[in-house]
>>> print(open('work_17.cif').read())   # mmCIF, C-alpha atoms and all ligand atoms
data_protein
loop_
_atom_site.label_atom_id
_atom_site.label_comp_id
_atom_site.auth_asym_id
_atom_site.auth_seq_id
_atom_site.Cartn_x
_atom_site.Cartn_y
_atom_site.Cartn_z
CA MET A 228 -40.60 -89.50 31.64
CA LEU A 229 -42.80 -88.12 28.88
CA LYS A 230 -46.40 -88.63 30.00
CA ILE A 231 -49.05 -88.49 27.31
CA ALA A 232 -52.80 -88.44 27.85
CA TRP A 233 -54.76 -90.76 25.61
CA SER A 234 -58.02 -92.65 25.97
CA GLU A 235 -59.97 -95.01 23.75
CA SER A 236 -62.86 -92.60 24.18
CA TYR A 237 -60.88 -89.98 22.18
CA VAL A 238 -61.75 -91.99 19.05
CA LEU A 239 -65.41 -91.89 18.02
CA PRO A 240 -67.15 -93.28 15.01
CA LEU A 241 -68.49 -90.35 12.99
CA PRO A 242 -70.81 -90.42 9.98
CA PRO A 243 -68.98 -91.43 6.77
CA ASN A 244 -67.18 -88.56 5.00
CA HIS A 245 -67.40 -86.35 8.09
CA ARG A 246 -64.92 -83.47 7.80
CA PHE A 247 -63.33 -84.12 11.18
CA PRO A 248 -60.19 -86.31 10.96
CA MET A 249 -61.12 -88.59 13.86
CA SER A 250 -58.78 -91.44 12.94
CA LYS A 251 -55.69 -89.37 13.75
CA TYR A 252 -56.45 -89.92 17.44
CA GLU A 253 -56.00 -93.63 16.84
CA LEU A 254 -53.21 -93.57 14.24
CA LEU A 255 -50.90 -91.17 16.04
CA PRO A 256 -50.38 -93.21 19.23
CA GLN A 257 -50.02 -96.34 17.07
CA GLN A 258 -47.30 -94.66 15.01
CA LEU A 259 -45.43 -93.35 18.09
CA LEU A 260 -45.52 -96.81 19.70
CA HIS A 261 -44.59 -98.60 16.48
CA GLU A 262 -41.51 -96.46 15.81
CA GLY A 263 -40.37 -96.61 19.46
CA THR A 264 -40.77 -92.89 20.23
CA ILE A 265 -42.92 -93.93 23.17
CA ARG A 266 -43.67 -97.12 25.09
CA PRO A 267 -47.05 -98.10 26.53
CA GLU A 268 -46.01 -96.74 29.95
CA ASN A 269 -45.68 -93.24 28.47
CA LEU A 270 -49.45 -93.19 27.97
CA PHE A 271 -51.90 -92.50 30.74
CA HIS A 272 -55.65 -92.82 30.42
CA PRO A 273 -57.72 -89.97 31.85
CA ALA A 274 -61.21 -90.47 33.23
CA PRO A 275 -63.90 -87.88 32.49
CA LEU A 276 -63.31 -84.54 34.24
CA GLU A 277 -65.15 -83.62 37.44
CA GLU A 278 -67.94 -81.14 36.87
CA GLN A 279 -66.55 -78.52 39.26
CA TRP A 280 -63.66 -77.84 36.86
CA ILE A 281 -65.98 -77.55 33.89
CA LEU A 282 -68.08 -75.01 35.78
CA ARG A 283 -65.00 -73.04 36.81
CA THR A 284 -64.56 -72.10 33.12
CA HIS A 285 -67.88 -72.64 31.38
CA GLU A 286 -71.26 -71.09 32.18
CA GLU A 287 -73.63 -73.46 33.90
CA PRO A 288 -76.60 -73.08 31.49
CA TYR A 289 -74.33 -73.97 28.54
CA TRP A 290 -72.82 -76.97 30.31
CA LYS A 291 -76.26 -78.20 31.40
CA ARG A 292 -77.58 -77.99 27.82
CA LEU A 293 -74.49 -79.80 26.58
CA GLU A 294 -74.60 -82.47 29.25
CA SER A 295 -78.31 -83.14 28.77
CA LEU A 296 -77.90 -83.15 24.97
CA THR A 297 -80.36 -80.26 24.65
CA LEU A 298 -78.32 -77.66 22.76
CA SER A 299 -80.41 -75.88 20.14
CA PRO A 300 -80.09 -77.08 16.53
CA SER A 301 -78.12 -73.94 15.65
CA GLU A 302 -75.76 -74.47 18.62
CA VAL A 303 -75.23 -78.07 17.52
CA ARG A 304 -74.55 -77.04 13.92
CA LYS A 305 -71.86 -74.58 15.02
CA THR A 306 -69.98 -77.32 16.92
CA GLY A 307 -69.60 -79.37 13.74
CA PHE A 308 -70.29 -82.60 15.64
CA PRO A 309 -73.47 -84.63 16.06
CA LEU A 310 -74.72 -84.12 19.63
CA LYS A 311 -74.38 -87.53 21.26
CA ARG A 312 -73.45 -88.80 24.69
CA GLU A 313 -70.12 -90.21 23.42
CA VAL A 314 -69.19 -86.85 21.89
CA VAL A 315 -69.67 -85.09 25.23
CA THR A 316 -67.83 -87.84 27.14
CA ARG A 317 -64.97 -87.58 24.66
CA GLU A 318 -64.64 -83.84 25.23
CA VAL A 319 -64.84 -84.15 29.01
CA THR A 320 -62.17 -86.85 28.96
CA ILE A 321 -59.88 -84.82 26.71
CA ALA A 322 -60.23 -81.84 29.07
CA ASN A 323 -59.19 -83.99 31.99
CA GLY A 324 -56.25 -85.26 29.95
CA THR A 325 -54.93 -81.71 29.63
CA LEU A 326 -55.68 -80.94 33.29
CA LEU A 327 -53.82 -84.05 34.50
CA CYS A 328 -50.95 -83.27 32.15
CA THR A 329 -50.24 -80.16 34.24
CA HIS A 330 -49.06 -82.34 37.15
CA HIS A 331 -46.79 -84.38 34.90
CA ALA A 332 -45.40 -81.20 33.36
CA LEU A 333 -44.64 -79.80 36.83
CA GLU A 334 -42.74 -83.00 37.58
CA PHE A 335 -41.03 -83.72 34.24
CA GLY A 336 -40.99 -80.34 32.46
CA ILE A 337 -43.42 -81.38 29.74
CA ALA A 338 -46.55 -83.47 29.20
CA MET A 339 -48.76 -83.87 26.16
CA ASN A 340 -52.28 -84.73 25.16
CA ILE A 341 -53.10 -86.77 22.05
CA ALA A 342 -56.12 -84.50 21.49
CA GLY A 343 -57.28 -81.17 22.84
CA GLY A 344 -56.42 -77.65 21.93
CA THR A 345 -60.17 -77.07 21.70
CA HIS A 346 -59.65 -73.33 21.52
CA HIS A 347 -62.93 -72.41 19.80
CA ALA A 348 -64.94 -73.24 22.93
CA PHE A 349 -66.15 -70.08 24.72
CA THR A 350 -67.53 -69.77 28.25
CA ASN A 351 -71.05 -70.17 26.91
CA LYS A 352 -70.83 -71.85 23.50
CA GLY A 353 -68.92 -74.30 21.37
CA GLU A 354 -67.93 -74.06 17.73
CA GLY A 355 -65.48 -75.46 15.18
CA PHE A 356 -65.21 -79.00 16.66
CA CYS A 357 -64.70 -77.57 20.16
CA LEU A 358 -67.22 -78.02 23.00
CA LEU A 359 -65.13 -77.40 26.13
CA ASN A 360 -61.87 -75.45 26.25
CA ASP A 361 -59.28 -77.88 27.64
CA ILE A 362 -56.46 -75.35 27.92
CA ALA A 363 -58.66 -72.80 29.68
CA ILE A 364 -59.96 -75.41 32.11
CA ALA A 365 -56.44 -76.56 32.93
CA ALA A 366 -55.15 -72.99 33.26
CA ASN A 367 -57.93 -72.09 35.71
CA TYR A 368 -57.16 -75.26 37.64
CA LEU A 369 -53.49 -74.27 37.99
CA ILE A 370 -54.44 -70.80 39.20
CA ASP A 371 -57.01 -72.04 41.71
CA ARG A 372 -54.65 -74.65 43.07
CA LYS A 373 -51.86 -72.04 43.22
CA LEU A 374 -49.69 -74.23 41.02
CA ALA A 375 -48.97 -71.36 38.64
CA ARG A 376 -48.82 -67.61 39.06
CA GLN A 377 -48.56 -66.42 35.46
CA ILE A 378 -49.56 -68.58 32.51
CA LEU A 379 -48.73 -68.10 28.84
CA VAL A 380 -50.92 -69.72 26.17
CA VAL A 381 -49.02 -70.16 22.91
CA ASP A 382 -51.65 -70.96 20.29
CA LEU A 383 -50.07 -71.75 16.92
CA ASP A 384 -53.01 -73.48 15.28
CA VAL A 385 -53.77 -71.73 11.99
CA HIS A 386 -57.15 -70.68 13.40
CA GLN A 387 -57.33 -67.96 16.02
CA GLY A 388 -57.80 -69.14 19.61
CA ASN A 389 -60.98 -67.11 19.86
CA GLY A 390 -62.59 -69.07 22.71
CA THR A 391 -59.45 -68.92 24.83
CA ALA A 392 -59.16 -65.17 24.18
CA GLN A 393 -62.76 -64.60 25.27
CA ILE A 394 -62.45 -66.74 28.40
CA PHE A 395 -59.35 -64.90 29.63
CA ARG A 396 -60.20 -61.39 28.46
CA GLN A 397 -60.39 -60.17 32.07
CA GLU A 398 -57.75 -62.49 33.53
CA PRO A 399 -54.26 -60.95 33.77
CA ARG A 400 -52.80 -64.18 35.14
CA VAL A 401 -53.33 -65.88 31.78
CA PHE A 402 -51.65 -64.23 28.79
CA THR A 403 -53.12 -65.42 25.49
CA PHE A 404 -50.89 -65.37 22.40
CA SER A 405 -52.38 -66.51 19.11
CA MET A 406 -50.50 -66.59 15.79
CA HIS A 407 -52.88 -67.56 13.02
CA GLY A 408 -54.02 -66.99 9.45
CA ALA A 409 -55.44 -63.46 9.26
CA ASN A 410 -57.91 -64.48 6.55
CA ASN A 411 -58.94 -67.77 8.08
CA TYR A 412 -61.78 -68.84 10.36
CA PRO A 413 -63.02 -67.26 12.59
CA LEU A 414 -63.75 -64.31 10.34
CA ILE A 415 -64.57 -62.11 13.33
CA LYS A 416 -61.64 -62.48 15.70
CA GLU A 417 -61.64 -62.03 19.46
CA SER A 418 -58.84 -60.01 21.07
CA SER A 419 -56.08 -62.13 22.57
CA ASP A 420 -53.43 -60.41 24.66
CA LEU A 421 -51.25 -60.71 21.56
CA ASP A 422 -52.62 -61.59 18.12
CA ILE A 423 -50.46 -62.01 15.07
CA GLY A 424 -52.50 -62.46 11.91
CA LEU A 425 -50.40 -63.97 9.12
CA PRO A 426 -51.03 -63.30 5.42
CA ASP A 427 -52.03 -66.14 3.09
CA TYR A 428 -49.11 -68.21 1.77
CA THR A 429 -46.81 -67.30 4.67
CA ASP A 430 -43.67 -69.41 4.20
CA ASP A 431 -41.23 -71.09 6.61
CA HIS A 432 -38.80 -68.22 6.78
CA PHE A 433 -41.31 -65.51 7.64
CA TYR A 434 -43.29 -67.78 9.95
CA LEU A 435 -40.30 -68.93 11.98
CA ARG A 436 -38.73 -65.49 12.23
CA THR A 437 -42.00 -63.97 13.42
CA LEU A 438 -42.50 -66.71 15.99
CA ASP A 439 -38.97 -66.65 17.31
CA THR A 440 -38.90 -62.89 17.91
CA ASN A 441 -42.32 -62.70 19.50
CA LEU A 442 -42.01 -65.76 21.69
CA LYS A 443 -38.69 -64.69 23.19
CA ASN A 444 -40.04 -61.19 23.81
CA LEU A 445 -43.12 -62.62 25.47
CA VAL A 446 -41.20 -64.88 27.80
CA ASP A 447 -39.12 -61.89 28.92
CA ARG A 448 -42.12 -59.63 29.28
CA VAL A 449 -44.75 -61.97 30.72
CA GLN A 450 -42.37 -64.07 32.84
CA PRO A 451 -44.62 -67.14 32.68
CA ASP A 452 -44.18 -70.00 35.11
CA PHE A 453 -46.34 -72.30 32.97
CA ILE A 454 -46.95 -72.59 29.21
CA PHE A 455 -49.81 -74.21 27.31
CA TYR A 456 -48.95 -74.95 23.70
CA GLN A 457 -51.65 -75.48 21.08
CA SER A 458 -49.65 -77.28 18.39
CA GLY A 459 -52.15 -77.51 15.51
CA VAL A 460 -50.60 -78.67 12.24
CA ASP A 461 -53.10 -76.90 9.99
CA ILE A 462 -50.34 -74.38 9.17
CA LEU A 463 -48.98 -76.93 6.66
CA ASP A 464 -48.91 -76.08 2.96
CA THR A 465 -50.77 -79.36 2.36
CA ASP A 466 -53.66 -78.40 4.68
CA LYS A 467 -56.97 -77.95 2.94
CA LEU A 468 -58.16 -75.26 5.37
CA GLY A 469 -54.86 -73.60 6.29
CA ARG A 470 -54.05 -71.06 3.52
CA LEU A 471 -50.40 -70.89 4.72
CA SER A 472 -47.32 -72.36 3.02
CA VAL A 473 -45.35 -73.83 5.90
CA SER A 474 -43.51 -77.07 5.06
CA ARG A 475 -43.45 -80.14 7.29
CA GLU A 476 -39.86 -79.27 8.19
CA GLY A 477 -40.94 -75.70 8.98
CA CYS A 478 -43.66 -77.05 11.25
CA ARG A 479 -41.06 -79.21 13.02
CA LYS A 480 -38.83 -76.16 13.52
CA ARG A 481 -41.82 -74.31 14.95
CA ASP A 482 -42.29 -77.04 17.55
CA ARG A 483 -38.58 -77.01 18.31
CA THR A 484 -38.67 -73.24 18.87
CA VAL A 485 -41.50 -73.50 21.41
CA LEU A 486 -40.20 -76.58 23.23
CA GLU A 487 -36.65 -75.22 23.45
CA VAL A 488 -37.84 -71.90 24.88
CA ALA A 489 -39.74 -73.79 27.59
CA HIS A 490 -36.86 -76.15 28.26
CA LYS A 491 -34.13 -73.49 28.38
CA ASN A 492 -36.16 -71.29 30.70
CA LYS A 493 -37.33 -74.24 32.84
CA ILE A 494 -40.98 -73.38 32.29
CA PRO A 495 -43.28 -76.44 32.49
CA LEU A 496 -45.23 -76.94 29.27
CA VAL A 497 -48.36 -78.87 28.35
CA ALA A 498 -49.00 -79.44 24.65
CA SER A 499 -52.51 -79.96 23.32
CA MET A 500 -52.65 -81.30 19.81
CA GLY A 501 -54.89 -78.96 17.84
CA GLY A 502 -56.11 -79.15 14.26
CA GLY A 503 -54.78 -80.67 11.05
CA TYR A 504 -56.73 -81.19 7.83
CA SER A 505 -54.28 -82.29 5.14
CA PRO A 506 -56.05 -84.61 2.66
CA ASP A 507 -53.24 -87.18 2.91
CA PHE A 508 -53.31 -88.54 6.46
CA ARG A 509 -49.56 -89.17 6.42
CA ASP A 510 -48.97 -85.40 6.37
CA ILE A 511 -51.10 -84.95 9.48
CA ILE A 512 -49.66 -87.88 11.41
CA GLU A 513 -46.04 -87.11 10.55
CA ALA A 514 -46.36 -83.45 11.51
CA HIS A 515 -48.06 -84.29 14.83
CA ALA A 516 -45.59 -87.13 15.51
CA ASN A 517 -42.72 -84.65 15.18
CA THR A 518 -43.99 -82.73 18.21
CA TYR A 519 -43.78 -85.87 20.37
CA ARG A 520 -40.42 -86.92 18.89
CA LEU A 521 -38.98 -83.49 19.68
CA ALA A 522 -40.34 -83.61 23.23
CA GLN A 523 -38.40 -86.85 23.80
CA GLU A 524 -35.27 -85.42 22.19
CA ILE A 525 -35.24 -82.09 24.01
CA PHE A 526 -36.54 -83.03 27.47
CA PHE A 527 -35.42 -86.62 28.11
ZN ZN B 601 -57.26 -75.16 13.43
#
>>> encode(input="work_17.cif", output="structure tokens")
Amino acid sequence: MLKIAWSESYVLPLPPNHRFPMSKYELLPQQLLHEGTIRPENLFHPAPLEEQWILRTHEEPYWKRLESLTLSPSEVRKTGFPLKREVVTREVTIANGTLLCTHHALEFGIAMNIAGGTHHAFTNKGEGFCLLNDIAIAANYLIDRKLARQILVVDLDVHQGNGTAQIFRQEPRVFTFSMHGANNYPLIKESSDLDIGLPDYTDDHFYLRTLDTNLKNLVDRVQPDFIFYQSGVDILDTDKLGRLSVSREGCRKRDRTVLEVAHKNKIPLVASMGGGYSPDFRDIIEAHANTYRLAQEIFF
């Protein structure tokens, strides 16, 4: 059964005209339920994560400032969110969603979070709408619990997974792969284990060929026994931040490539949703919905 993490606390009221597309966290599960891709029993509702797993990945002084709502004004500005209790609770709940997904993925082959992919969170700072790094927290959990030996992070959000790269710089058991817009945020990139920076206006053909070749090589070379997939849809040609020219169909083929590689090789996979900033919400919701539709088609 496809298990999907979702909580009411994922959806927060933000100031009017805030740049962050918060309503997608409400509209996407509604759409998936409405069209019959999922039923209510597919959803599970994570509680906030226990502190020990936050501190396994994030530095204590940073977490304490975050938890006590005492980040400096410049730290707050870099996160892009107002610093409020509900914002922190949201992030801690999302992180637990990804962590709990690992157990469902070990049982069913795949599990997904309707949020997460907060890959701009470093050990000691947050930025770009990311406060805690859900994939890093869940990866460290798998290693500590000896549930995985070699993890592959496949980060296909248009923005580089800079926080994830920094967190695992010295950790050979987690291989970080980021394919992103070379000219996009963050301007100063971290070093992942494999970075592919794509030129502006990259189209479906070049994108999919580059992904296919590299992903298959990586699976052979890294021999992962667990995959985290950051499935941001800001690669779309309609995205206002993306700078790439990938169509909605191209984005769907991208998801199919990743999910089929995991399925064929019997490697459990957890998908975290990632970014998406198309001005028309239907573009965002449809592209994200495709990831969940494909999971049902390929795995169940
Ligand atoms: Zn992004």
>>> residues_near_ligand(input="work_17.cif", ligand="ligand ZN 601 (chain B)", cutoff="7 Å", atoms="all atoms listed in the file", output="ChimeraX atom specification")
/A:384-386,459,461,501-503
>>> closest_residue(input="work_17.cif", among="A:Arg481, A:Arg304, A:Arg396, A:Arg317", to="Thr350 of chain A", atoms="all atoms listed in the file")
A:Arg396
>>> closest_residue(input="work_17.cif", among="A:Leu438, A:Ala365, A:Cys357, A:Leu254", to="Glu513 of chain A", atoms="all atoms listed in the file")
A:Leu254
>>> atom_distance(input="work_17.cif", atom1="atom CA of Val485 of chain A", atom2="atom CA of Leu358 of chain A")
26.2 Å
>>> atom_distance(input="work_17.cif", atom1="atom CA of Ser458 of chain A", atom2="atom CA of Glu262 of chain A")
21.0 Å
>>> closest_residue(input="work_17.cif", among="A:Ala363, A:Leu379, A:Leu471, A:Val314", to="Val401 of chain A", atoms="only C-alpha atoms")
A:Leu379
>>> atom_distance(input="work_17.cif", atom1="atom CA of Leu298 of chain A", atom2="atom CA of Phe356 of chain A")
14.5 Å
>>> closest_residue(input="work_17.cif", among="A:Pro413, A:Pro495, A:Gly408, A:Gly424", to="Ile462 of chain A", atoms="all atoms listed in the file")
A:Gly408
>>> closest_residue(input="work_17.cif", among="A:His331, A:Arg266, A:His261, A:His285", to="Lys230 of chain A", atoms="all atoms listed in the file")
A:His331
>>> closest_residue(input="work_17.cif", among="A:Ser472, A:Ser505, A:Ile415, A:Tyr368", to="Gln279 of chain A", atoms="all atoms listed in the file")
A:Tyr368
>>> residues_around(input="work_17.cif", residues="Leu310 of chain A", least_positions_apart="6", cutoff="10 Å", atoms="all atoms listed in the file", output="PyMOL selection string")
chain A and resi 293-298+300+302-304
>>> residues_near_point(input="work_17.cif", point="(-73.1, -72.6, 30.9)", cutoff="12 Å", atoms="all atoms listed in the file", output="PyMOL selection string")
chain A and resi 278+281-295+298+348-353+358-359
>>> decode(input="work_17.cif", residues="segment 347-443 of chain A", atoms="C-alpha atoms", output="mmCIF file, in the first residue's frame")
data_model
loop_
_atom_site.group_PDB
_atom_site.id
_atom_site.type_symbol
_atom_site.label_atom_id
_atom_site.label_comp_id
_atom_site.auth_asym_id
_atom_site.auth_seq_id
_atom_site.Cartn_x
_atom_site.Cartn_y
_atom_site.Cartn_z
ATOM 1 C CA HIS A 347 18.599 24.122 1.828
ATOM 2 C CA ALA A 348 18.813 23.413 5.571
ATOM 3 C CA PHE A 349 22.435 23.015 6.741
ATOM 4 C CA THR A 350 23.688 21.559 10.023
ATOM 5 C CA ASN A 351 23.746 25.041 11.535
ATOM 6 C CA LYS A 352 21.432 27.261 9.482
ATOM 7 C CA GLY A 353 18.286 27.384 7.413
ATOM 8 C CA GLU A 354 17.613 29.177 4.162
ATOM 9 C CA GLY A 355 15.290 29.193 1.151
ATOM 10 C CA PHE A 356 12.119 28.012 2.981
ATOM 11 C CA CYS A 357 14.067 25.203 4.683
ATOM 12 C CA LEU A 358 14.681 25.060 8.453
ATOM 13 C CA LEU A 359 15.471 21.387 9.077
ATOM 14 C CA ASN A 360 16.711 18.925 6.460
ATOM 15 C CA ASP A 361 14.128 16.121 6.381
ATOM 16 C CA ILE A 362 16.045 13.864 4.003
ATOM 17 C CA ALA A 363 19.279 14.207 5.978
ATOM 18 C CA ILE A 364 17.493 13.496 9.257
ATOM 19 C CA ALA A 365 15.846 10.395 7.818
ATOM 20 C CA ALA A 366 19.086 9.199 6.201
ATOM 21 C CA ASN A 367 20.977 9.493 9.495
ATOM 22 C CA TYR A 368 18.143 7.644 11.212
ATOM 23 C CA LEU A 369 18.427 4.738 8.744
ATOM 24 C CA ILE A 370 22.190 4.543 9.254
ATOM 25 C CA ASP A 371 21.996 4.683 13.047
ATOM 26 C CA ARG A 372 19.275 2.069 13.149
ATOM 27 C CA LYS A 373 21.252 -0.077 10.686
ATOM 28 C CA LEU A 374 18.299 -0.102 8.326
ATOM 29 C CA ALA A 375 20.449 0.996 5.400
ATOM 30 C CA ARG A 376 24.100 0.558 4.547
ATOM 31 C CA GLN A 377 24.498 2.844 1.542
ATOM 32 C CA ILE A 378 22.060 5.631 0.750
ATOM 33 C CA LEU A 379 21.647 7.566 -2.485
ATOM 34 C CA VAL A 380 20.019 11.008 -2.445
ATOM 35 C CA VAL A 381 18.586 11.905 -5.847
ATOM 36 C CA ASP A 382 17.835 15.620 -5.709
ATOM 37 C CA LEU A 383 16.115 16.822 -8.881
ATOM 38 C CA ASP A 384 14.729 20.100 -7.597
ATOM 39 C CA VAL A 385 15.924 22.905 -9.861
ATOM 40 C CA HIS A 386 17.879 24.358 -6.939
ATOM 41 C CA GLN A 387 21.030 22.640 -5.742
ATOM 42 C CA GLY A 388 20.683 20.507 -2.607
ATOM 43 C CA ASN A 389 23.319 22.614 -0.889
ATOM 44 C CA GLY A 390 22.306 21.827 2.705
ATOM 45 C CA THR A 391 22.234 18.086 2.056
ATOM 46 C CA ALA A 392 25.650 18.284 0.376
ATOM 47 C CA GLN A 393 27.121 20.130 3.360
ATOM 48 C CA ILE A 394 25.609 17.760 5.921
ATOM 49 C CA PHE A 395 26.998 14.645 4.211
ATOM 50 C CA ARG A 396 30.316 16.030 2.991
ATOM 51 C CA GLN A 397 32.221 13.659 5.293
ATOM 52 C CA GLU A 398 29.739 10.769 5.207
ATOM 53 C CA PRO A 399 30.570 8.064 2.629
ATOM 54 C CA ARG A 400 27.436 6.101 3.508
ATOM 55 C CA VAL A 401 25.264 8.829 1.989
ATOM 56 C CA PHE A 402 25.941 9.660 -1.659
ATOM 57 C CA THR A 403 24.456 13.023 -2.656
ATOM 58 C CA PHE A 404 23.467 13.549 -6.288
ATOM 59 C CA SER A 405 22.036 16.916 -7.281
ATOM 60 C CA MET A 406 20.947 17.856 -10.809
ATOM 61 C CA HIS A 407 19.948 21.509 -10.891
ATOM 62 C CA GLY A 408 20.038 24.786 -12.776
ATOM 63 C CA ALA A 409 23.678 25.906 -12.949
ATOM 64 C CA ASN A 410 22.675 29.575 -12.910
ATOM 65 C CA ASN A 411 20.008 29.294 -10.256
ATOM 66 C CA TYR A 412 19.984 29.781 -6.493
ATOM 67 C CA PRO A 413 22.176 29.119 -4.558
ATOM 68 C CA LEU A 414 24.734 31.166 -6.452
ATOM 69 C CA ILE A 415 27.582 29.662 -4.442
ATOM 70 C CA LYS A 416 27.095 25.915 -4.629
ATOM 71 C CA GLU A 417 28.258 23.309 -2.137
ATOM 72 C CA SER A 418 29.940 20.149 -3.437
ATOM 73 C CA SER A 419 27.646 17.145 -3.626
ATOM 74 C CA ASP A 420 29.173 13.759 -4.410
ATOM 75 C CA LEU A 421 27.851 14.338 -7.932
ATOM 76 C CA ASP A 422 26.616 17.718 -9.165
ATOM 77 C CA ILE A 423 25.197 18.275 -12.608
ATOM 78 C CA GLY A 424 24.563 21.939 -13.335
ATOM 79 C CA LEU A 425 22.159 22.371 -16.249
ATOM 80 C CA PRO A 426 22.216 25.376 -18.583
ATOM 81 C CA ASP A 427 19.239 27.746 -18.755
ATOM 82 C CA TYR A 428 16.410 26.568 -21.038
ATOM 83 C CA THR A 429 17.389 22.897 -20.792
ATOM 84 C CA ASP A 430 14.643 20.975 -22.623
ATOM 85 C CA ASP A 431 13.000 17.570 -22.091
ATOM 86 C CA HIS A 432 15.303 15.664 -24.382
ATOM 87 C CA PHE A 433 18.582 16.849 -22.872
ATOM 88 C CA TYR A 434 17.230 16.709 -19.327
ATOM 89 C CA LEU A 435 15.923 13.159 -19.569
ATOM 90 C CA ARG A 436 18.962 11.814 -21.392
ATOM 91 C CA THR A 437 21.311 13.331 -18.822
ATOM 92 C CA LEU A 438 19.274 11.946 -15.939
ATOM 93 C CA ASP A 439 18.877 8.483 -17.380
ATOM 94 C CA THR A 440 22.588 7.976 -18.053
ATOM 95 C CA ASN A 441 23.756 9.344 -14.732
ATOM 96 C CA LEU A 442 21.178 7.640 -12.559
ATOM 97 C CA LYS A 443 21.830 4.195 -14.016
#
